[in-house]
file final-v1.tsv (TSV, C-alpha atoms)
chain	number	residue	atom	x	y	z
A	12	SER	CA	25.07	-21.20	-34.53
A	13	PRO	CA	25.73	-20.40	-38.17
A	14	THR	CA	23.15	-20.70	-40.92
A	15	SER	CA	23.81	-21.14	-44.62
A	16	LYS	CA	23.16	-18.35	-47.09
A	17	PRO	CA	23.98	-17.74	-50.76
A	18	THR	CA	27.54	-16.63	-51.31
A	19	VAL	CA	30.00	-15.89	-54.05
A	20	PHE	CA	32.28	-18.92	-54.03
A	21	GLY	CA	35.90	-17.80	-54.46
A	22	CYS	CA	39.17	-19.65	-54.57
A	23	GLU	CA	40.27	-18.98	-51.00
A	24	ASN	CA	37.30	-20.64	-49.40
A	25	PHE	CA	39.08	-23.42	-47.50
A	26	LEU	CA	42.16	-22.89	-45.36
A	27	VAL	CA	43.99	-25.30	-43.06
A	28	LEU	CA	46.83	-24.23	-40.76
A	29	ILE	CA	48.82	-27.08	-39.25
A	30	GLU	CA	51.63	-26.76	-36.71
A	31	ALA	CA	53.28	-30.14	-36.13
A	32	ASP	CA	55.64	-30.62	-33.17
A	33	LEU	CA	56.75	-34.23	-33.73
A	34	ASP	CA	59.48	-36.03	-31.80
A	35	ASP	CA	62.26	-38.24	-33.18
A	36	ALA	CA	60.17	-41.40	-32.82
A	37	HIS	CA	58.34	-40.41	-35.99
A	38	LYS	CA	61.62	-40.17	-37.88
A	39	TYR	CA	63.35	-43.30	-36.60
A	40	TYR	CA	60.50	-45.72	-35.91
A	41	GLY	CA	58.23	-45.15	-38.90
A	42	HIS	CA	55.36	-43.33	-37.14
A	43	THR	CA	53.59	-40.86	-39.43
A	44	LEU	CA	51.10	-38.01	-39.51
A	45	THR	CA	48.60	-37.87	-42.40
A	46	TRP	CA	45.45	-35.89	-43.20
A	47	GLU	CA	42.92	-35.46	-45.99
A	48	LEU	CA	39.90	-33.45	-47.10
A	49	LEU	CA	37.35	-35.75	-48.74
A	50	ASP	CA	34.13	-34.94	-50.63
A	51	ILE	CA	31.68	-37.29	-48.92
A	52	ASP	CA	29.30	-37.58	-51.90
A	53	THR	CA	31.77	-37.87	-54.81
A	54	ARG	CA	34.62	-39.47	-52.76
A	55	GLU	CA	37.03	-37.03	-54.42
A	56	VAL	CA	40.06	-36.19	-52.31
A	57	PHE	CA	40.92	-32.47	-52.42
A	58	ILE	CA	43.78	-32.51	-49.92
A	59	GLN	CA	45.79	-35.60	-49.03
A	60	GLU	CA	49.07	-35.00	-47.29
A	61	GLY	CA	51.67	-36.99	-45.46
A	62	PRO	CA	53.21	-39.07	-44.23
A	63	LEU	CA	54.94	-36.36	-42.21
A	64	LYS	CA	57.74	-37.47	-39.87
A	65	HIS	CA	59.14	-34.17	-38.63
A	66	SER	CA	58.05	-30.85	-37.12
A	67	ALA	CA	56.70	-28.27	-39.57
A	68	ASN	CA	54.37	-25.29	-39.98
A	69	LEU	CA	52.08	-25.92	-42.96
A	70	THR	CA	49.40	-23.88	-44.77
A	71	TYR	CA	46.87	-25.22	-47.27
A	72	ASN	CA	44.59	-22.83	-49.13
A	73	GLU	CA	42.31	-24.67	-51.55
A	74	CYS	CA	39.45	-23.74	-53.85
A	75	VAL	CA	36.85	-26.49	-53.47
A	76	PRO	CA	33.29	-26.64	-54.84
A	77	PRO	CA	30.19	-26.58	-52.60
A	78	GLY	CA	29.50	-29.90	-50.94
A	79	ARG	CA	29.80	-32.07	-47.84
A	80	TYR	CA	33.33	-32.74	-46.66
A	81	SER	CA	35.23	-34.80	-44.13
A	82	PHE	CA	38.54	-33.59	-42.67
A	83	ASN	CA	40.41	-36.55	-41.18
A	84	ILE	CA	43.80	-36.40	-39.43
A	85	THR	CA	45.71	-39.41	-38.07
A	86	ASN	CA	48.94	-40.00	-36.15
A	87	THR	CA	49.99	-43.67	-36.10
A	88	ARG	CA	51.93	-43.17	-32.85
A	89	GLY	CA	48.96	-41.58	-31.12
A	90	ASP	CA	50.71	-38.29	-30.38
A	91	GLY	CA	48.44	-36.04	-32.43
A	92	LEU	CA	50.45	-32.99	-33.51
A	93	GLY	CA	52.84	-33.15	-30.57
A	94	PRO	CA	53.07	-31.15	-27.32
A	95	LYS	CA	52.95	-27.73	-28.99
A	96	GLY	CA	51.12	-28.67	-32.18
A	97	ASN	CA	47.66	-27.62	-33.35
A	98	TYR	CA	45.47	-27.30	-36.40
A	99	LEU	CA	42.84	-24.72	-37.39
A	100	ILE	CA	40.28	-24.97	-40.19
A	101	PHE	CA	38.67	-21.94	-41.88
A	102	SER	CA	35.92	-21.47	-44.44
A	103	ASP	CA	36.74	-18.07	-45.97
A	104	SER	CA	37.45	-16.04	-42.78
A	105	LEU	CA	35.25	-18.23	-40.53
A	106	MET	CA	37.03	-20.60	-38.17
A	107	ILE	CA	34.97	-23.80	-38.25
A	108	GLY	CA	37.07	-25.98	-35.98
A	109	GLY	CA	40.43	-27.16	-34.76
A	110	SER	CA	42.37	-28.92	-32.05
A	111	THR	CA	45.27	-28.18	-29.72
A	112	LYS	CA	45.95	-31.83	-29.04
A	113	PHE	CA	44.56	-35.17	-30.16
A	114	GLY	CA	45.54	-38.84	-30.00
A	115	VAL	CA	45.36	-41.32	-32.88
A	116	ASN	CA	42.62	-39.73	-34.97
A	117	GLU	CA	40.16	-36.84	-35.27
A	118	GLU	CA	37.47	-36.20	-37.85
A	119	MET	CA	35.20	-33.26	-38.69
A	120	VAL	CA	32.31	-33.32	-41.16
A	121	PHE	CA	30.89	-30.07	-42.55
A	122	SER	CA	29.35	-28.41	-45.60
A	123	LEU	CA	30.91	-25.71	-47.78
A	124	PRO	CA	30.17	-22.87	-48.21
A	125	TYR	CA	29.80	-22.23	-44.48
A	126	ASN	CA	28.69	-18.79	-43.32
A	127	VAL	CA	27.20	-16.97	-40.37
A	128	ASP	CA	24.53	-14.30	-40.88
A	129	GLU	CA	26.78	-11.49	-39.70
A	130	LEU	CA	30.51	-11.40	-39.12
A	131	SER	CA	32.05	-9.26	-36.41
A	132	GLY	CA	34.56	-7.54	-38.66
A	133	ARG	CA	37.58	-9.22	-37.06
A	134	GLU	CA	40.20	-10.68	-39.36
A	135	PHE	CA	39.06	-14.19	-38.37
A	136	ASP	CA	35.57	-14.85	-37.03
A	137	TRP	CA	34.69	-18.17	-35.54
A	138	CYS	CA	31.66	-20.13	-34.38
A	139	ALA	CA	33.59	-23.09	-33.02
A	140	GLY	CA	32.30	-22.35	-29.52
A	141	ASP	CA	29.21	-24.28	-30.60
A	142	PHE	CA	30.86	-27.52	-29.42
A	143	PHE	CA	33.95	-27.90	-27.26
A	144	VAL	CA	35.22	-31.15	-25.75
A	145	LYS	CA	37.97	-31.52	-23.15
A	146	VAL	CA	39.32	-34.99	-22.40
A	147	THR	CA	41.46	-35.62	-19.31
A	148	THR	CA	43.03	-39.05	-19.57
A	149	ALA	CA	43.89	-41.57	-16.86
A	150	ALA	CA	45.95	-44.78	-17.04
A	151	ASN	CA	44.33	-46.28	-20.17
A	152	PRO	CA	43.41	-43.50	-22.62
A	153	GLN	CA	43.96	-45.79	-25.63
A	154	LEU	CA	40.57	-47.34	-24.83
A	155	LEU	CA	38.58	-44.07	-24.85
A	156	SER	CA	36.86	-42.47	-27.87
A	157	TRP	CA	33.89	-40.19	-28.63
A	158	LYS	CA	31.77	-39.00	-31.54
A	159	VAL	CA	28.89	-36.63	-32.32
A	160	THR	CA	26.13	-37.58	-34.76
A	161	ASN	CA	23.45	-35.43	-36.40
A	162	GLU	CA	19.73	-36.21	-36.53
A	163	ASN	CA	20.31	-38.47	-39.56
A	164	GLY	CA	22.89	-40.53	-37.71
A	165	GLY	CA	25.85	-39.13	-39.64
A	166	VAL	CA	29.07	-38.53	-37.73
A	167	VAL	CA	29.97	-34.80	-37.65
A	168	ALA	CA	32.91	-34.95	-35.23
A	169	GLY	CA	34.93	-37.48	-33.28
A	170	GLY	CA	38.13	-38.10	-31.37
A	171	GLY	CA	40.28	-40.77	-29.81
A	172	PRO	CA	41.56	-43.19	-28.94
A	173	TYR	CA	44.28	-41.33	-27.03
A	174	ARG	CA	47.84	-42.34	-26.28
A	175	LYS	CA	49.25	-40.33	-23.40
A	176	PRO	CA	47.95	-41.06	-19.87
A	177	PHE	CA	47.29	-38.27	-17.37
A	178	ASP	CA	47.15	-35.57	-20.03
A	179	THR	CA	44.54	-33.17	-21.44
A	180	TYR	CA	43.17	-33.11	-24.99
A	181	SER	CA	40.74	-30.64	-26.53
A	182	GLN	CA	38.79	-30.10	-29.74
A	183	TRP	CA	36.26	-27.50	-30.89
A	184	VAL	CA	33.81	-27.75	-33.76
A	185	CYS	CA	31.52	-25.34	-35.59
A	186	LEU	CA	28.12	-26.98	-36.10
A	187	PRO	CA	25.02	-25.86	-38.03
A	188	ASN	CA	21.64	-25.61	-36.31
A	189	GLY	CA	20.08	-28.97	-35.57
A	190	SER	CA	19.80	-31.89	-33.17
A	191	TYR	CA	22.86	-33.88	-32.13
A	192	THR	CA	23.87	-36.82	-29.96
A	193	LEU	CA	27.17	-37.22	-28.15
A	194	TYR	CA	28.49	-40.78	-27.68
A	195	ILE	CA	31.42	-41.67	-25.39
A	196	ASN	CA	32.91	-45.17	-25.36
A	197	SER	CA	35.40	-46.68	-22.92
A	198	LEU	CA	36.59	-50.24	-23.51
A	199	ASP	CA	38.48	-50.34	-20.21
A	200	ILE	CA	36.59	-52.87	-18.07
A	201	PHE	CA	39.12	-53.55	-15.31
A	202	GLY	CA	39.57	-51.64	-12.07
A	203	SER	CA	39.55	-47.89	-11.61
A	204	LYS	CA	39.54	-45.99	-14.93
A	205	GLY	CA	39.16	-42.25	-14.36
A	206	ASN	CA	39.16	-40.85	-17.90
A	207	LYS	CA	37.13	-37.63	-17.78
A	208	VAL	CA	35.18	-36.00	-20.62
A	209	ALA	CA	33.74	-32.47	-20.31
A	210	VAL	CA	31.58	-31.11	-23.15
A	211	PHE	CA	30.41	-27.52	-23.61
A	212	VAL	CA	27.64	-26.51	-26.02
A	213	GLU	CA	27.41	-22.79	-26.85
A	214	SER	CA	29.80	-22.13	-23.92
A	215	LYS	CA	27.51	-23.91	-21.44
A	216	LEU	CA	28.47	-27.19	-19.77
A	217	LEU	CA	26.49	-30.06	-21.29
A	218	VAL	CA	28.11	-32.89	-19.37
A	219	SER	CA	31.17	-33.72	-17.29
A	220	VAL	CA	31.57	-37.46	-16.65
A	221	THR	CA	34.21	-40.09	-15.98
A	222	ASP	CA	34.20	-43.65	-17.28
A	223	ASP	CA	34.28	-44.84	-13.66
A	224	VAL	CA	30.71	-43.52	-13.50
A	225	PHE	CA	29.25	-44.43	-16.89
A	226	GLY	CA	31.10	-47.70	-17.49
A	227	GLN	CA	31.62	-48.55	-21.15
A	228	SER	CA	29.23	-46.16	-22.89
A	229	TYR	CA	27.47	-42.83	-22.42
A	230	SER	CA	25.25	-40.64	-24.59
A	231	ALA	CA	23.66	-37.20	-24.35
A	232	SER	CA	21.54	-35.21	-26.81
A	233	PHE	CA	21.65	-31.47	-27.48
A	234	ASN	CA	20.20	-28.90	-29.86
A	235	LEU	CA	21.70	-25.85	-31.57
A	236	LYS	CA	19.27	-23.10	-32.59
call {"tool": "encode", "arguments": {"input": "final-v1.tsv", "output": "structure tokens"}}
result
Amino acid sequence: SPTSKPTVFGCENFLVLIEADLDDAHKYYGHTLTWELLDIDTREVFIQEGPLKHSANLTYNECVPPGRYSFNITNTRGDGLGPKGNYLIFSDSLMIGGSTKFGVNEEMVFSLPYNVDELSGREFDWCAGDFFVKVTTAANPQLLSWKVTNENGGVVAGGGPYRKPFDTYSQWVCLPNGSYTLYINSLDIFGSKGNKVAVFVESKLLVSVTDDVFGQSYSASFNLK
């Protein structure tokens, strides 16, 4: 896991790459994709984009001051970035998170600057293997959501609810050293559910559960050192 260290803060310290693969429903029925980068302490919005109603490849390279930030992305239809869409987030050349597919909303909370002790020398390093979640939906994915909180109770990542049944969603997040708790919630209380959530921490399986087993809520704690 990465640790913070003093750094020269330049003007290419925050980069977001977004590939949106949206269908015609966004154009004709008013569904939209929006996202923002918010300074948690000052409430200043550094990036606020959308509503987007069509497919596009987008790049945002912003100079932002040190601080705690929330990246929040929402699709009102619940389709995420579409079948072939994805987003990647970088701090300088360090990939700190991203997603290949999400439902209605995803959020990441992190501090900038964000550095590892040693980089490998590749064009883009990444530590997002710290936390990886894979959600396999069943008949009612719109009732499933999850979040990760730090030792102070603050939300550092989250996903769901999801729209498409019998599909697979994934998200990875770069997290600093510390203690965390994973919470999974399923509001589906009738019959067989079958939504499955698998979580890997530092490339090792932390948990693989279905809401048929845990019912309406599940939690698990983990540490990054």
call {"tool": "closest_atom_pairs", "arguments": {"input": "final-v1.tsv", "of": "stretch 112-200 of chain A", "to": "stretch 213-235 of chain A", "cutoff": "9 Å", "atoms": "all atoms listed in the file", "output": "CSV"}}
result
residue,atom,partner,partner_atom,distance
A:Ala139,CA,A:Glu213,CA,8.7
A:Gly140,CA,A:Glu213,CA,5.6
A:Asp141,CA,A:Glu213,CA,4.4
A:Phe142,CA,A:Glu213,CA,6.4
A:Phe143,CA,A:Ser214,CA,7.9
A:Leu155,CA,A:Asp222,CA,8.8
A:Leu186,CA,A:Leu235,CA,7.9
A:Pro187,CA,A:Leu235,CA,7.3
A:Asn188,CA,A:Leu235,CA,4.7
A:Gly189,CA,A:Leu235,CA,5.3
A:Ser190,CA,A:Asn234,CA,4.5
A:Tyr191,CA,A:Phe233,CA,5.4
A:Thr192,CA,A:Ser232,CA,4.2
A:Leu193,CA,A:Ala231,CA,5.2
A:Tyr194,CA,A:Ser230,CA,4.5
A:Ile195,CA,A:Tyr229,CA,5.1
A:Asn196,CA,A:Ser228,CA,4.5
A:Ser197,CA,A:Gln227,CA,4.6
A:Leu198,CA,A:Gln227,CA,5.8
A:Asp199,CA,A:Gln227,CA,7.2
A:Ile200,CA,A:Gln227,CA,7.3
call {"tool": "residues_around", "arguments": {"input": "final-v1.tsv", "residues": "stretch 40-55 of chain A", "least_positions_apart": "5", "cutoff": "6 Å", "atoms": "all atoms listed in the file", "output": "JSON list (two decimals) with C-alpha atoms, in the frame of the given file"}}
result
[["chain", "number", "residue", "atom", "x", "y", "z"],
["A", 60, "GLU", "CA", 49.07, -35.00, -47.29],
["A", 61, "GLY", "CA", 51.67, -36.99, -45.46],
["A", 62, "PRO", "CA", 53.21, -39.07, -44.23],
["A", 63, "LEU", "CA", 54.94, -36.36, -42.21],
["A", 64, "LYS", "CA", 57.74, -37.47, -39.87],
["A", 79, "ARG", "CA", 29.80, -32.07, -47.84],
["A", 80, "TYR", "CA", 33.33, -32.74, -46.66],
["A", 81, "SER", "CA", 35.23, -34.80, -44.13],
["A", 82, "PHE", "CA", 38.54, -33.59, -42.67],
["A", 83, "ASN", "CA", 40.41, -36.55, -41.18],
["A", 84, "ILE", "CA", 43.80, -36.40, -39.43],
["A", 85, "THR", "CA", 45.71, -39.41, -38.07],
["A", 86, "ASN", "CA", 48.94, -40.00, -36.15],
["A", 87, "THR", "CA", 49.99, -43.67, -36.10],
["A", 88, "ARG", "CA", 51.93, -43.17, -32.85]]
call {"tool": "atom_distance", "arguments": {"input": "final-v1.tsv", "atom1": "atom CA of A:Met119", "atom2": "atom CA of A:Ile107"}}
result
9.5 Å
call {"tool": "residues_around", "arguments": {"input": "final-v1.tsv", "residues": "A:Pro77", "least_positions_apart": "4", "cutoff": "8 Å", "atoms": "all atoms listed in the file", "output": "count of residues only"}}
result
3
call {"tool": "closest_residue", "arguments": {"input": "final-v1.tsv", "among": "A:Asn68, A:Thr147, A:Ser104, A:Asn97", "to": "A:Val208", "atoms": "only C-alpha atoms"}}
result
A:Thr147
call {"tool": "atom_distance", "arguments": {"input": "final-v1.tsv", "atom1": "atom CA of A:Cys185", "atom2": "atom CA of A:Ile100"}}
result
9.9 Å
call {"tool": "atom_distance", "arguments": {"input": "final-v1.tsv", "atom1": "atom CA of A:Gly164", "atom2": "atom CA of A:Thr148"}}
result
27.1 Å
call {"tool": "build_atoms", "arguments": {"input": "final-v1.tsv", "residues": "stretch 182-211 of chain A", "atoms": "N, CA and C atoms", "output": "mmCIF file, in the frame of the given file"}}
result
data_model
loop_
_atom_site.group_PDB
_atom_site.id
_atom_site.type_symbol
_atom_site.label_atom_id
_atom_site.label_comp_id
_atom_site.auth_asym_id
_atom_site.auth_seq_id
_atom_site.Cartn_x
_atom_site.Cartn_y
_atom_site.Cartn_z
ATOM 1 N N GLN A 182 39.205 -30.321 -28.357
ATOM 2 C CA GLN A 182 38.790 -30.100 -29.740
ATOM 3 C C GLN A 182 37.560 -29.211 -29.736
ATOM 4 N N TRP A 183 37.458 -28.313 -30.742
ATOM 5 C CA TRP A 183 36.260 -27.500 -30.890
ATOM 6 C C TRP A 183 35.767 -27.599 -32.321
ATOM 7 N N VAL A 184 34.441 -27.512 -32.470
ATOM 8 C CA VAL A 184 33.810 -27.750 -33.760
ATOM 9 C C VAL A 184 32.686 -26.758 -33.981
ATOM 10 N N CYS A 185 32.616 -26.208 -35.178
ATOM 11 C CA CYS A 185 31.520 -25.340 -35.590
ATOM 12 C C CYS A 185 30.417 -26.222 -36.178
ATOM 13 N N LEU A 186 29.217 -26.128 -35.647
ATOM 14 C CA LEU A 186 28.120 -26.980 -36.100
ATOM 15 C C LEU A 186 26.922 -26.142 -36.561
ATOM 16 N N PRO A 187 26.242 -26.558 -37.633
ATOM 17 C CA PRO A 187 25.020 -25.860 -38.030
ATOM 18 C C PRO A 187 23.873 -26.144 -37.067
ATOM 19 N N ASN A 188 22.805 -25.371 -37.162
ATOM 20 C CA ASN A 188 21.640 -25.610 -36.310
ATOM 21 C C ASN A 188 21.111 -27.016 -36.527
ATOM 22 N N GLY A 189 20.629 -27.629 -35.446
ATOM 23 C CA GLY A 189 20.080 -28.970 -35.570
ATOM 24 C C GLY A 189 20.148 -29.727 -34.255
ATOM 25 N N SER A 190 19.787 -30.999 -34.338
ATOM 26 C CA SER A 190 19.800 -31.890 -33.170
ATOM 27 C C SER A 190 20.973 -32.848 -33.273
ATOM 28 N N TYR A 191 21.653 -33.070 -32.144
ATOM 29 C CA TYR A 191 22.860 -33.880 -32.130
ATOM 30 C C TYR A 191 22.863 -34.828 -30.940
ATOM 31 N N THR A 192 23.670 -35.890 -31.058
ATOM 32 C CA THR A 192 23.870 -36.820 -29.960
ATOM 33 C C THR A 192 25.363 -37.061 -29.768
ATOM 34 N N LEU A 193 25.799 -36.934 -28.529
ATOM 35 C CA LEU A 193 27.170 -37.220 -28.150
ATOM 36 C C LEU A 193 27.255 -38.660 -27.637
ATOM 37 N N TYR A 194 28.244 -39.417 -28.148
ATOM 38 C CA TYR A 194 28.490 -40.780 -27.680
ATOM 39 C C TYR A 194 29.926 -40.870 -27.161
ATOM 40 N N ILE A 195 30.100 -41.427 -25.966
ATOM 41 C CA ILE A 195 31.420 -41.670 -25.390
ATOM 42 C C ILE A 195 31.547 -43.166 -25.139
ATOM 43 N N ASN A 196 32.679 -43.739 -25.555
ATOM 44 C CA ASN A 196 32.910 -45.170 -25.360
ATOM 45 C C ASN A 196 34.228 -45.396 -24.638
ATOM 46 N N SER A 197 34.199 -46.284 -23.649
ATOM 47 C CA SER A 197 35.400 -46.680 -22.920
ATOM 48 C C SER A 197 35.445 -48.196 -22.870
ATOM 49 N N LEU A 198 36.470 -48.791 -23.473
ATOM 50 C CA LEU A 198 36.590 -50.240 -23.510
ATOM 51 C C LEU A 198 37.358 -50.795 -22.318
ATOM 52 N N ASP A 199 37.767 -49.924 -21.408
ATOM 53 C CA ASP A 199 38.480 -50.340 -20.210
ATOM 54 C C ASP A 199 37.479 -50.925 -19.219
ATOM 55 N N ILE A 200 37.585 -52.210 -18.939
ATOM 56 C CA ILE A 200 36.590 -52.870 -18.070
ATOM 57 C C ILE A 200 37.190 -53.345 -16.755
ATOM 58 N N PHE A 201 38.472 -53.043 -16.520
ATOM 59 C CA PHE A 201 39.120 -53.550 -15.310
ATOM 60 C C PHE A 201 39.514 -52.415 -14.376
ATOM 61 N N GLY A 202 39.108 -52.540 -13.115
ATOM 62 C CA GLY A 202 39.570 -51.640 -12.070
ATOM 63 C C GLY A 202 39.133 -50.201 -12.254
ATOM 64 N N SER A 203 39.838 -49.306 -11.561
ATOM 65 C CA SER A 203 39.550 -47.890 -11.610
ATOM 66 C C SER A 203 40.047 -47.313 -12.928
ATOM 67 N N LYS A 204 39.191 -46.530 -13.608
ATOM 68 C CA LYS A 204 39.540 -45.990 -14.930
ATOM 69 C C LYS A 204 39.876 -44.508 -14.817
ATOM 70 N N GLY A 205 38.895 -43.653 -14.665
ATOM 71 C CA GLY A 205 39.160 -42.250 -14.360
ATOM 72 C C GLY A 205 39.359 -41.320 -15.525
ATOM 73 N N ASN A 206 39.146 -41.782 -16.778
ATOM 74 C CA ASN A 206 39.160 -40.850 -17.900
ATOM 75 C C ASN A 206 37.962 -39.919 -17.802
ATOM 76 N N LYS A 207 38.191 -38.619 -17.949
ATOM 77 C CA LYS A 207 37.130 -37.630 -17.780
ATOM 78 C C LYS A 207 36.861 -36.900 -19.098
ATOM 79 N N VAL A 208 35.582 -36.727 -19.418
ATOM 80 C CA VAL A 208 35.180 -36.000 -20.620
ATOM 81 C C VAL A 208 34.234 -34.878 -20.212
ATOM 82 N N ALA A 209 34.597 -33.633 -20.554
ATOM 83 C CA ALA A 209 33.740 -32.470 -20.310
ATOM 84 C C ALA A 209 33.367 -31.870 -21.668
ATOM 85 N N VAL A 210 32.079 -31.619 -21.866
ATOM 86 C CA VAL A 210 31.580 -31.110 -23.150
ATOM 87 C C VAL A 210 30.786 -29.830 -22.908
ATOM 88 N N PHE A 211 31.113 -28.794 -23.678
ATOM 89 C CA PHE A 211 30.410 -27.520 -23.610
ATOM 90 C C PHE A 211 29.694 -27.265 -24.930
#
